[in-house]
$ cat protein34.csv   # CSV, C-alpha atoms
chain,number,residue,atom,x,y,z
K,1,MET,CA,-123.8,-23.8,-69.2
K,2,ARG,CA,-122.3,-26.9,-67.8
K,3,TYR,CA,-121.7,-27.1,-64.0
K,4,LEU,CA,-118.5,-28.7,-62.8
K,5,ILE,CA,-118.5,-30.4,-59.4
K,6,ALA,CA,-115.7,-31.9,-57.5
K,7,LEU,CA,-116.5,-35.4,-56.4
K,8,PRO,CA,-114.7,-36.3,-53.2
K,9,LEU,CA,-112.8,-39.6,-53.5
K,10,LEU,CA,-113.8,-41.9,-50.8
K,11,LEU,CA,-110.8,-43.7,-49.7
K,12,THR,CA,-111.3,-46.9,-47.9
K,13,ALA,CA,-108.8,-48.2,-45.6
K,14,CYS,CA,-107.0,-50.8,-47.7
K,15,ALA,CA,-105.8,-53.8,-45.8
K,16,PRO,CA,-103.5,-56.1,-47.6
K,17,ASP,CA,-106.2,-58.7,-47.6
K,18,SER,CA,-109.0,-56.3,-48.9
K,19,GLU,CA,-110.9,-57.6,-51.9
K,20,THR,CA,-112.1,-54.1,-53.1
K,21,THR,CA,-110.7,-53.0,-56.5
K,22,ASN,CA,-111.1,-50.1,-58.9
K,23,ALA,CA,-113.3,-52.3,-61.0
K,24,ASP,CA,-116.0,-52.2,-58.2
K,25,ILE,CA,-116.4,-48.3,-58.4
K,26,ASP,CA,-116.9,-46.9,-61.9
K,27,ILE,CA,-115.8,-43.3,-61.3
K,28,ASN,CA,-116.5,-42.1,-64.8
K,29,ALA,CA,-120.0,-43.4,-64.7
K,30,ALA,CA,-120.7,-41.7,-61.4
K,31,ALA,CA,-119.3,-38.4,-62.7
K,32,THR,CA,-121.5,-38.6,-65.8
K,33,LEU,CA,-124.6,-39.4,-63.7
K,34,ALA,CA,-123.9,-36.4,-61.4
K,35,GLN,CA,-123.4,-34.1,-64.4
K,36,ASN,CA,-126.7,-35.2,-65.9
K,37,SER,CA,-128.5,-34.4,-62.6
K,38,ILE,CA,-127.0,-30.9,-62.5
K,39,ASP,CA,-128.0,-30.2,-66.1
K,40,SER,CA,-131.5,-31.4,-65.4
K,41,TYR,CA,-131.8,-29.1,-62.3
K,42,ALA,CA,-130.4,-26.1,-64.2
K,43,ALA,CA,-132.9,-26.7,-67.0
K,44,ASN,CA,-135.8,-26.9,-64.5
K,45,SER,CA,-134.7,-23.8,-62.7
K,46,ALA,CA,-134.5,-21.9,-66.0
K,47,GLY,CA,-138.0,-23.0,-66.8
K,48,GLN,CA,-139.3,-21.8,-63.5
K,49,ASP,CA,-137.7,-18.4,-64.0
K,50,ALA,CA,-139.4,-18.1,-67.4
K,51,ALA,CA,-142.9,-19.0,-65.9
K,52,PRO,CA,-143.5,-17.3,-62.6
K,53,LEU,CA,-145.4,-19.2,-59.9
K,54,PRO,CA,-149.1,-18.6,-59.7
K,55,GLY,CA,-149.8,-15.5,-57.6
K,56,SER,CA,-146.3,-14.2,-57.9
K,57,THR,CA,-147.4,-11.5,-60.3
K,58,PRO,CA,-150.0,-9.1,-58.8
K,59,GLU,CA,-153.2,-8.7,-60.6
K,60,PRO,CA,-153.7,-5.3,-62.2
K,61,LEU,CA,-155.9,-3.0,-60.1
K,62,PRO,CA,-159.2,-2.1,-61.7
K,63,THR,CA,-159.4,1.5,-63.0
K,64,PRO,CA,-161.8,3.4,-60.7
K,65,ALA,CA,-164.8,4.9,-62.4
K,66,PRO,CA,-164.7,8.7,-62.6
K,67,SER,CA,-166.6,10.3,-59.8
K,68,SER,CA,-169.4,12.6,-60.7
K,69,SER,CA,-169.6,16.0,-59.0
K,70,PRO,CA,-172.7,16.5,-56.8
K,71,GLU,CA,-175.4,18.6,-58.1
K,72,PRO,CA,-174.7,22.2,-57.1
K,73,LEU,CA,-176.9,23.9,-54.6
K,74,ASN,CA,-179.2,26.4,-56.3
K,75,PRO,CA,-181.8,27.9,-54.0
K,76,PRO,CA,-184.8,29.6,-55.7
K,77,ALA,CA,-184.4,33.4,-56.2
K,78,PRO,CA,-186.6,35.8,-54.2
K,79,GLY,CA,-190.1,36.2,-55.7
K,80,THR,CA,-190.1,32.7,-57.2
K,81,PRO,CA,-191.7,29.6,-55.9
K,82,GLY,CA,-189.6,28.4,-52.9
K,83,GLY,CA,-187.8,31.7,-52.6
K,84,LEU,CA,-188.0,34.5,-50.1
K,85,PRO,CA,-190.5,37.3,-50.5
K,86,ASP,CA,-189.3,39.9,-53.0
K,87,ASP,CA,-190.5,43.1,-51.3
K,88,ARG,CA,-187.8,45.2,-53.0
K,89,THR,CA,-187.1,46.8,-49.7
K,90,PRO,CA,-183.4,46.5,-48.6
K,91,VAL,CA,-182.8,45.7,-45.0
K,92,SER,CA,-181.5,48.7,-43.1
K,93,GLU,CA,-177.8,48.5,-42.3
K,94,ALA,CA,-178.2,51.2,-39.6
K,95,PRO,CA,-177.2,50.2,-36.0
K,96,PHE,CA,-179.9,48.3,-34.3
K,97,THR,CA,-180.6,47.4,-30.7
K,98,PRO,CA,-180.8,43.8,-29.6
K,99,ASP,CA,-184.5,44.1,-28.6
K,100,SER,CA,-185.5,45.4,-32.1
K,101,ALA,CA,-187.0,43.4,-34.9
K,102,GLN,CA,-183.6,43.5,-36.7
K,103,GLY,CA,-182.1,42.2,-33.5
K,104,ALA,CA,-184.5,39.2,-33.7
K,105,ALA,CA,-183.4,38.6,-37.3
K,106,ASN,CA,-179.8,38.7,-36.2
K,107,VAL,CA,-180.6,35.9,-33.7
K,108,VAL,CA,-182.0,33.8,-36.6
K,109,GLN,CA,-178.9,34.6,-38.7
K,110,THR,CA,-176.7,33.4,-35.8
K,111,TYR,CA,-178.8,30.3,-35.3
K,112,TYR,CA,-178.4,29.1,-38.9
K,113,ALA,CA,-174.7,30.0,-38.9
K,114,LEU,CA,-174.2,27.7,-35.9
K,115,LEU,CA,-176.1,24.9,-37.6
K,116,GLY,CA,-173.9,25.3,-40.7
K,117,GLU,CA,-170.8,25.1,-38.5
K,118,LYS,CA,-172.3,22.0,-36.7
K,119,LYS,CA,-172.3,23.7,-33.4
K,120,TYR,CA,-175.7,22.1,-32.6
K,121,ARG,CA,-175.8,22.6,-28.8
K,122,ARG,CA,-175.2,26.4,-29.1
K,123,ALA,CA,-177.9,26.5,-31.8
K,124,TRP,CA,-180.3,24.5,-29.6
K,125,ALA,CA,-179.7,27.0,-26.7
K,126,LEU,CA,-181.2,29.8,-28.9
K,127,TRP,CA,-184.6,28.2,-28.6
K,128,ASP,CA,-186.9,29.6,-25.9
K,129,ASN,CA,-187.1,28.1,-22.4
K,130,GLY,CA,-183.5,26.9,-22.4
K,131,GLY,CA,-183.9,24.9,-25.7
K,132,LYS,CA,-187.1,23.1,-24.6
K,133,ASP,CA,-189.3,24.9,-27.1
K,134,SER,CA,-187.4,23.1,-29.9
K,135,GLY,CA,-189.3,20.0,-28.7
K,136,MET,CA,-186.1,18.0,-28.5
K,137,SER,CA,-183.3,17.3,-26.2
K,138,ALA,CA,-179.9,18.7,-27.1
K,139,GLU,CA,-178.8,15.2,-28.3
K,140,ALA,CA,-181.9,14.6,-30.4
K,141,PHE,CA,-181.6,18.1,-31.9
K,142,ALA,CA,-178.0,17.5,-32.9
K,143,ALA,CA,-178.9,14.1,-34.4
K,144,SER,CA,-181.7,15.7,-36.5
K,145,PHE,CA,-179.2,18.0,-38.2
K,146,ASP,CA,-176.2,15.7,-38.4
K,147,LYS,CA,-177.7,14.0,-41.4
K,148,TYR,CA,-176.7,17.0,-43.5
K,149,SER,CA,-173.3,17.5,-45.0
K,150,GLU,CA,-174.2,21.1,-45.7
K,151,TYR,CA,-176.8,23.4,-44.2
K,152,HIS,CA,-177.3,27.0,-45.1
K,153,ALA,CA,-180.0,29.7,-44.9
K,154,ASN,CA,-181.0,33.0,-46.4
K,155,ILE,CA,-182.7,35.3,-44.0
K,156,GLY,CA,-185.4,37.7,-45.1
K,157,ALA,CA,-186.5,41.1,-43.6
K,158,PRO,CA,-188.2,40.7,-40.2
K,159,GLY,CA,-191.9,41.6,-39.8
K,160,ALA,CA,-193.2,44.2,-37.3
K,161,ILE,CA,-193.0,43.4,-33.6
K,162,ASP,CA,-196.3,42.1,-32.2
K,163,ALA,CA,-196.6,43.4,-28.6
K,164,GLY,CA,-199.1,42.4,-26.1
K,165,ALA,CA,-199.5,41.5,-22.4
K,166,GLY,CA,-195.8,42.2,-21.7
K,167,GLN,CA,-194.6,39.8,-24.4
K,168,ARG,CA,-193.0,40.5,-27.8
K,169,TYR,CA,-193.1,38.4,-30.9
K,170,VAL,CA,-191.6,38.9,-34.4
K,171,THR,CA,-191.6,36.6,-37.5
K,172,VAL,CA,-188.6,36.3,-39.8
K,173,PRO,CA,-188.8,34.6,-43.2
K,174,VAL,CA,-186.1,32.0,-43.9
K,175,GLN,CA,-185.0,30.0,-46.9
K,176,VAL,CA,-183.0,26.9,-46.1
K,177,TYR,CA,-180.8,25.0,-48.6
K,178,GLY,CA,-178.5,22.1,-47.9
K,179,ARG,CA,-177.3,18.7,-48.8
K,180,LEU,CA,-177.9,15.3,-47.2
K,181,LYS,CA,-174.9,13.1,-46.4
K,182,GLN,CA,-176.6,10.1,-48.0
K,183,GLY,CA,-176.6,10.4,-51.7
K,184,ALA,CA,-175.5,14.0,-51.6
K,185,ARG,CA,-179.0,15.0,-52.5
K,186,PRO,CA,-179.8,18.8,-52.4
K,187,VAL,CA,-182.6,19.9,-50.0
K,188,TYR,CA,-184.6,23.2,-50.2
K,189,MET,CA,-187.0,24.4,-47.6
K,190,ILE,CA,-189.0,27.6,-47.0
K,191,GLY,CA,-190.9,29.1,-44.1
K,192,SER,CA,-190.5,31.4,-41.2
K,193,VAL,CA,-189.1,31.5,-37.6
K,194,THR,CA,-191.0,33.2,-34.8
K,195,LEU,CA,-189.0,34.7,-32.0
K,196,HIS,CA,-190.2,35.8,-28.5
K,197,ARG,CA,-189.0,37.9,-25.7
K,198,THR,CA,-190.4,39.4,-22.5
K,199,GLY,CA,-191.0,43.2,-22.6
K,200,ASP,CA,-189.5,45.6,-20.1
K,201,ILE,CA,-191.5,44.6,-17.1
K,202,ASP,CA,-190.5,44.3,-13.5
K,203,GLY,CA,-188.9,41.1,-12.5
K,204,ALA,CA,-187.9,40.1,-16.1
K,205,THR,CA,-184.4,38.7,-16.3
K,206,PRO,CA,-181.9,39.8,-19.1
K,207,ALA,CA,-182.3,36.3,-20.6
K,208,GLN,CA,-186.1,36.6,-20.7
K,209,LYS,CA,-185.8,40.0,-22.4
K,210,SER,CA,-183.6,38.6,-25.1
K,211,TRP,CA,-184.9,37.2,-28.3
K,212,HIS,CA,-185.2,33.4,-28.5
K,213,ILE,CA,-186.8,31.1,-31.1
K,214,ARG,CA,-190.4,30.2,-30.1
K,215,SER,CA,-191.4,28.2,-33.2
K,216,SER,CA,-190.5,27.4,-36.8
K,217,ASP,CA,-192.6,26.2,-39.8
K,218,ILE,CA,-189.7,25.5,-42.2
K,219,LYS,CA,-191.0,22.9,-44.7
K,220,PRO,CA,-189.8,21.6,-48.0
K,221,ARG,CA,-190.4,24.1,-50.8
K,222,PRO,CA,-193.5,23.8,-52.9
K,223,LYS,CA,-192.9,21.8,-56.1
K,224,ALA,CA,-193.0,23.9,-59.3
K,225,GLY,CA,-196.3,23.3,-61.0
$ encode --input "protein34.csv" --output "structure tokens"
Amino acid sequence: MRYLIALPLLLTACAPDSETTNADIDINAAATLAQNSIDSYAANSAGQDAAPLPGSTPEPLPTPAPSSSPEPLNPPAPGTPGGLPDDRTPVSEAPFTPDSAQGAANVVQTYYALLGEKKYRRAWALWDNGGKDSGMSAEAFAASFDKYSEYHANIGAPGAIDAGAGQRYVTVPVQVYGRLKQGARPVYMIGSVTLHRTGDIDGATPAQKSWHIRSSDIKPRPKAG
């Protein structure tokens, strides 16, 4: 396409004695030169449109690699290595009193439910002596469990209450299974939790007569041999 431009005529004030003539200004040559410049500019512009400037076209985004699902949690079944005892005796579903062995097992169930819900301070408070028997401060206790993205437990049937010297103890088997945040690696542990309370003796407070966790020996499950 040819571009037409209007060239303004520069009129000089012509005095009768002026020596300027039409021969001094070649209007046709000037118009031809201007037209050539416009044609050259148009050609260059068309070439720039055909070849975009570097960086004007975004680089294609890399296709993300398909994410693999984490290994499903699969705690060992009762009676197998790493599983709870398989005593074939169902836990009684009859009403129980808080000071019974089943009441102690219920505290353990509550404890692990709180850990699974990341309510660490409330779980810490279920340890004896106001949480001190956990061996950690509330903050350190929370930090020790915060490395898990999942934390669950299966609770076994409680043992018989061991009574003596005004104190009561009961042991509850526990199977823990969870997943670490780092690497999503499954974790399986097995052991027991021992609970304690004070018997019905004079001067004992309601808190002292309630079951609290005294100790735990939860450890990684034995490797299958």
$ closest_residue --input "protein34.csv" --among "K:Asn106, K:Gln167, K:Asn154, K:Asn129" --to "Asp200 of chain K" --atoms "all atoms listed in the file"
K:Gln167
$ residues_around --input "protein34.csv" --residues "Arg185 of chain K" --least-positions-apart "4" --cutoff "9 Å" --atoms "all atoms listed in the file" --output "ChimeraX atom specification"
/K:70-71,178-181
$ closest_residue --input "protein34.csv" --among "K:Ser134, K:Asn74, K:Thr194, K:Gln175" --to "Ala160 of chain K" --atoms "only C-alpha atoms"
K:Thr194
$ closest_residue --input "protein34.csv" --among "K:Ile218, K:Ala163, K:Leu73, K:Ala104" --to "Glu150 of chain K" --atoms "all atoms listed in the file"
K:Leu73
$ atom_distance --input "protein34.csv" --atom1 "atom CA of Ser144 of chain K" --atom2 "atom CA of Ser216 of chain K"
14.6 Å
$ atom_distance --input "protein34.csv" --atom1 "atom CA of Trp124 of chain K" --atom2 "atom CA of Thr110 of chain K"
11.4 Å
$ residues_around --input "protein34.csv" --residues "Ile155 of chain K" --least-positions-apart "4" --cutoff "12 Å" --atoms "all atoms listed in the file" --output "PDB file with C-alpha atoms, in the coordinates of the input"
ATOM      1  CA  PRO K  78    -186.600  35.800 -54.200  1.00  0.00           C
ATOM      2  CA  GLY K  83    -187.800  31.700 -52.600  1.00  0.00           C
ATOM      3  CA  LEU K  84    -188.000  34.500 -50.100  1.00  0.00           C
ATOM      4  CA  PRO K  85    -190.500  37.300 -50.500  1.00  0.00           C
ATOM      5  CA  VAL K  91    -182.800  45.700 -45.000  1.00  0.00           C
ATOM      6  CA  GLN K 102    -183.600  43.500 -36.700  1.00  0.00           C
ATOM      7  CA  ALA K 104    -184.500  39.200 -33.700  1.00  0.00           C
ATOM      8  CA  ALA K 105    -183.400  38.600 -37.300  1.00  0.00           C
ATOM      9  CA  ASN K 106    -179.800  38.700 -36.200  1.00  0.00           C
ATOM     10  CA  VAL K 107    -180.600  35.900 -33.700  1.00  0.00           C
ATOM     11  CA  VAL K 108    -182.000  33.800 -36.600  1.00  0.00           C
ATOM     12  CA  GLN K 109    -178.900  34.600 -38.700  1.00  0.00           C
ATOM     13  CA  THR K 110    -176.700  33.400 -35.800  1.00  0.00           C
ATOM     14  CA  TYR K 111    -178.800  30.300 -35.300  1.00  0.00           C
ATOM     15  CA  TYR K 112    -178.400  29.100 -38.900  1.00  0.00           C
ATOM     16  CA  ALA K 113    -174.700  30.000 -38.900  1.00  0.00           C
ATOM     17  CA  GLY K 159    -191.900  41.600 -39.800  1.00  0.00           C
ATOM     18  CA  THR K 171    -191.600  36.600 -37.500  1.00  0.00           C
ATOM     19  CA  VAL K 172    -188.600  36.300 -39.800  1.00  0.00           C
ATOM     20  CA  PRO K 173    -188.800  34.600 -43.200  1.00  0.00           C
ATOM     21  CA  VAL K 174    -186.100  32.000 -43.900  1.00  0.00           C
ATOM     22  CA  GLN K 175    -185.000  30.000 -46.900  1.00  0.00           C
ATOM     23  CA  VAL K 176    -183.000  26.900 -46.100  1.00  0.00           C
ATOM     24  CA  TYR K 177    -180.800  25.000 -48.600  1.00  0.00           C
ATOM     25  CA  ILE K 190    -189.000  27.600 -47.000  1.00  0.00           C
ATOM     26  CA  GLY K 191    -190.900  29.100 -44.100  1.00  0.00           C
ATOM     27  CA  SER K 192    -190.500  31.400 -41.200  1.00  0.00           C
ATOM     28  CA  VAL K 193    -189.100  31.500 -37.600  1.00  0.00           C
TER      29      VAL K 193
END
$ closest_residue --input "protein34.csv" --among "K:Pro95, K:Gly166, K:Gly103, K:Gly130" --to "Leu195 of chain K" --atoms "only C-alpha atoms"
K:Gly103
$ atom_distance --input "protein34.csv" --atom1 "atom CA of Gly203 of chain K" --atom2 "atom CA of Phe96 of chain K"
24.7 Å
$ residues_near_point --input "protein34.csv" --point "(-190.7, 42.5, -20.7)" --cutoff "12 Å" --atoms "all atoms listed in the file" --output "list in words"
Asp99, Ala163, Gly164, Ala165, Gly166, Gln167, Arg168, Tyr169, His196, Arg197, Thr198, Gly199, Asp200, Ile201, Asp202, Gly203, Ala204, Thr205, Pro206, Ala207, Gln208, Lys209, Ser210 and Trp211 of chain K
